[in-house]
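Written out below as structure tokens is the structure these notes cover.
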Amino acid sequence: MTRGMADAVVVMLTMDDVIMLPVELEKPIPLPKKGRRVRHEDGRTWTQHYTRVLLDELLPPRVPKDAIVYVGVMLEDLYPDPKWNFVFGEATLEKRVGVYSLARFFPEQPSKKADPEAQRLGIRRSAALLAHETGHAFGIEHCTEYECVMNGSNSLEELDRQFQELCPVDLQKLAWNIGFDPHARYERLRTFYRREGLDDLARWLDRRIEQLDTGVTPDSADSAH
Ligand SMILES: [Zn+2]
Ligand SMILES: [Zn+2]
């Protein structure tokens, strides 16, 4: 297992904390030759896969009967249309399948030594992407009201500016759809963020949990422990 694949597995396993439903990992499946293209840019050469082939042909026949959503997570780059440069991910709600690439979050490092800061950033971006796309799969559209993980983003810069968590409106939508307790979800997510060194997110959840417990909004991040 490569370093990037190991990180992808970590992120996949956190999805049960995000959606409060069991997540099962399946064995890797080979990527089709159809729709594959090679890109050259700035002296780099890499492979991309066409999302339509994956969403229309590869994944639908494999959706388990008891699955709500069946998601392909890959470490090779994707494109959604021959005219586009790339896409982070795409979902087809009617077929309950989605496909997401972590290629741009965990680029292959020339040196063997993993950079912990780069790993943390990769985990953060991947968790945001998967939370966002899974939100779509549960019928939540792009959010334009609040800073929210359901805001649309088309570049790493936009993704990094984006807030990592669901806004109150979208949290309610997801909680209604799945039937979880937001407090329990926050506790589980906080444990994950602490473990992965995403302390700013853990502190934000400290405040939200305090708010739920007391009904009072803490003044500032300083009041968190
Ligand atoms: Zn979206
Ligand atoms: Zn929102």
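We name chains A, B, ... following the order of the structure tokens; residues begin at 1 in each chain, and ligands are numbered from 1 as shown.
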
**Study point:** Shell around Trp84 of chain A at 12 Å using only C-alpha atoms, local window under 3 positions removed, as JSON, numbers by chain
**Key:** {"A": [39, 48, 49, 50, 51, 78, 79, 80, 81, 87, 88, 154]}

Exercise for review: Enumerate, as an MDAnalysis selection string, the complete set of residues in segment 7-131 of chain A that a backbone-based DSSP assignment places in strand (DSSP E or B).
Suggested key: chainID A and resid 37:41 44:50 70:74 77:79 87 89:92 97:101

File dump, residues just selected, C-alpha atoms, as a CSV table (one decimal), in the first residue's frame:
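As written to disk, result_10.csv reads:
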```csv
chain,number,residue,atom,x,y,z
A,37,ARG,CA,-5.9,10.2,-21.3
A,38,VAL,CA,-2.3,11.4,-20.7
A,39,ARG,CA,-1.6,15.0,-19.8
A,40,HIS,CA,1.7,16.9,-20.2
A,41,GLU,CA,2.2,20.2,-18.4
A,44,ARG,CA,5.1,16.7,-15.8
A,45,THR,CA,3.2,13.8,-17.4
A,46,TRP,CA,0.3,12.1,-15.7
A,47,THR,CA,-2.8,10.0,-16.4
A,48,GLN,CA,-6.4,11.1,-16.0
A,49,HIS,CA,-9.6,9.1,-16.1
A,50,TYR,CA,-13.0,10.2,-17.5
A,70,TYR,CA,-21.2,3.6,-3.5
A,71,VAL,CA,-18.2,5.8,-3.8
A,72,GLY,CA,-15.0,5.2,-5.7
A,73,VAL,CA,-11.9,6.9,-4.2
A,74,MET,CA,-8.9,7.0,-6.4
A,77,ASP,CA,-6.6,12.3,-11.6
A,78,LEU,CA,-10.1,12.8,-13.1
A,79,TYR,CA,-11.7,14.9,-15.8
A,87,VAL,CA,-12.3,17.7,-11.5
A,89,GLY,CA,-15.0,14.5,-8.0
A,90,GLU,CA,-18.4,13.9,-9.5
A,91,ALA,CA,-21.5,12.1,-8.3
A,92,THR,CA,-24.6,10.7,-10.1
A,97,VAL,CA,-22.5,6.3,-7.3
A,98,GLY,CA,-19.7,8.9,-7.0
A,99,VAL,CA,-16.1,9.0,-7.8
A,100,TYR,CA,-13.5,11.2,-6.2
A,101,SER,CA,-9.8,11.7,-6.7
```

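For the residues A:Arg120, A:Phe106, A:Ser126, A:Gln164, ranking by smallest atom-to-atom distance to Arg194 of chain A using only C-alpha atoms places A:Arg120 first.
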
Practice item. Would you mind listing what lies within 12 Å of Arg195 of chain A as an MDAnalysis selection string, with only C-alpha atoms counted and same-chain residues fewer than 6 positions away left out? Key: chainID A and resid 10 14 120 123 188:189 201:202

File of the preceding selection, C-alpha atoms, as a PDB file, in the first residue's frame:
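Here's the written file part_22.pdb:
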```pdb
ATOM      1  CA  VAL A  10      -7.773   6.891   6.870  1.00  0.00           C
ATOM      2  CA  THR A  14     -13.667   8.793   8.998  1.00  0.00           C
ATOM      3  CA  ARG A 120      -2.242  16.842   7.495  1.00  0.00           C
ATOM      4  CA  ILE A 123      -6.202  14.602   5.113  1.00  0.00           C
ATOM      5  CA  ARG A 188     -16.871  11.656  17.153  1.00  0.00           C
ATOM      6  CA  LEU A 189     -15.553  14.176  14.659  1.00  0.00           C
ATOM      7  CA  LEU A 201     -11.255  22.123  13.724  1.00  0.00           C
ATOM      8  CA  ALA A 202     -11.253  20.311  17.061  1.00  0.00           C
TER       9      ALA A 202
END
```

**Study point:** Surroundings of ligand 2 up to 6 Å, based on only C-alpha atoms and all ligand atoms, as a ChimeraX atom specification
**Key:** /A:143,146,148,150,166-167,169-170

Exercise for review: Go through the chains and note each residue within 8 Å of ligand 1, using only C-alpha atoms and all ligand atoms, then give the set as a list of chain:residue names.
Suggested key: A:Glu90, A:His132, A:Glu133, A:His136, A:Glu141, A:His142, A:Met150, A:Asn151, A:Gly152, A:Ser153

Check your understanding: If you count only C-alpha atoms, which residues fall within 12 Å of Gly179 of chain A, apart from same-chain ones fewer than 5 positions away, as a ChimeraX atom specification?
Key -> /A:19-21,171-174,184-185

Selected residues, N, CA and C atoms, written as an mmCIF file, in the first residue's frame, please.
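Dumped to result-v8.cif:
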```
data_model
loop_
_atom_site.group_PDB
_atom_site.id
_atom_site.type_symbol
_atom_site.label_atom_id
_atom_site.label_comp_id
_atom_site.auth_asym_id
_atom_site.auth_seq_id
_atom_site.Cartn_x
_atom_site.Cartn_y
_atom_site.Cartn_z
ATOM 1 N N ILE A 19 -21.017 10.973 8.506
ATOM 2 C CA ILE A 19 -22.429 10.713 8.162
ATOM 3 C C ILE A 19 -23.138 9.849 9.196
ATOM 4 N N MET A 20 -22.386 9.340 10.190
ATOM 5 C CA MET A 20 -22.984 8.552 11.274
ATOM 6 C C MET A 20 -23.689 7.304 10.745
ATOM 7 N N LEU A 21 -23.159 6.746 9.700
ATOM 8 C CA LEU A 21 -23.641 5.473 9.166
ATOM 9 C C LEU A 21 -22.423 4.580 8.960
ATOM 10 N N LEU A 171 -26.504 20.958 8.360
ATOM 11 C CA LEU A 171 -26.403 19.942 9.418
ATOM 12 C C LEU A 171 -27.799 19.397 9.740
ATOM 13 N N GLN A 172 -28.770 20.321 9.827
ATOM 14 C CA GLN A 172 -30.153 19.894 10.084
ATOM 15 C C GLN A 172 -30.674 18.990 8.974
ATOM 16 N N LYS A 173 -30.334 19.357 7.733
ATOM 17 C CA LYS A 173 -30.809 18.541 6.602
ATOM 18 C C LYS A 173 -30.241 17.128 6.692
ATOM 19 N N LEU A 174 -28.948 17.044 6.970
ATOM 20 C CA LEU A 174 -28.312 15.722 7.026
ATOM 21 C C LEU A 174 -28.834 14.923 8.223
ATOM 22 N N ALA A 184 -23.660 13.843 19.268
ATOM 23 C CA ALA A 184 -22.830 12.632 19.184
ATOM 24 C C ALA A 184 -21.905 12.713 17.975
ATOM 25 N N ARG A 185 -22.405 13.279 16.885
ATOM 26 C CA ARG A 185 -21.569 13.405 15.684
ATOM 27 C C ARG A 185 -20.395 14.347 15.941
#
```

Check your understanding: If you measure from atom CA of Ile209 of chain A to atom CA of His183 of chain A, what distance in Å do you get, rounded to one decimal?
Key -> 6.6 Å

Check your understanding: By how many Å are atom CA of Lys27 of chain A and atom CA of Thr191 of chain A apart?
Key -> 26.8 Å

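Proximity of A:Asp17, A:Glu147, A:Glu158, A:Asp200 to Glu187 of chain A, computed with only C-alpha atoms, is greatest for A:Asp17.
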
**Study point:** Atomic distance atom CA of Val53 of chain A - atom CA of Phe86 of chain A, expressed in Å with one decimal
**Key:**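 Computing the Euclidean distance for atom CA of Val53 of chain A and atom CA of Phe86 of chain A yields 14.7 Å.
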
Check your understanding: What are the DSSP helix (DSSP H, G or I) residues of segment 9-194 of chain A, as a PyMOL selection string?
Key -> chain A and resi 9-19+51-58+60-62+93-95+116-137+156-161+168-178+182-194
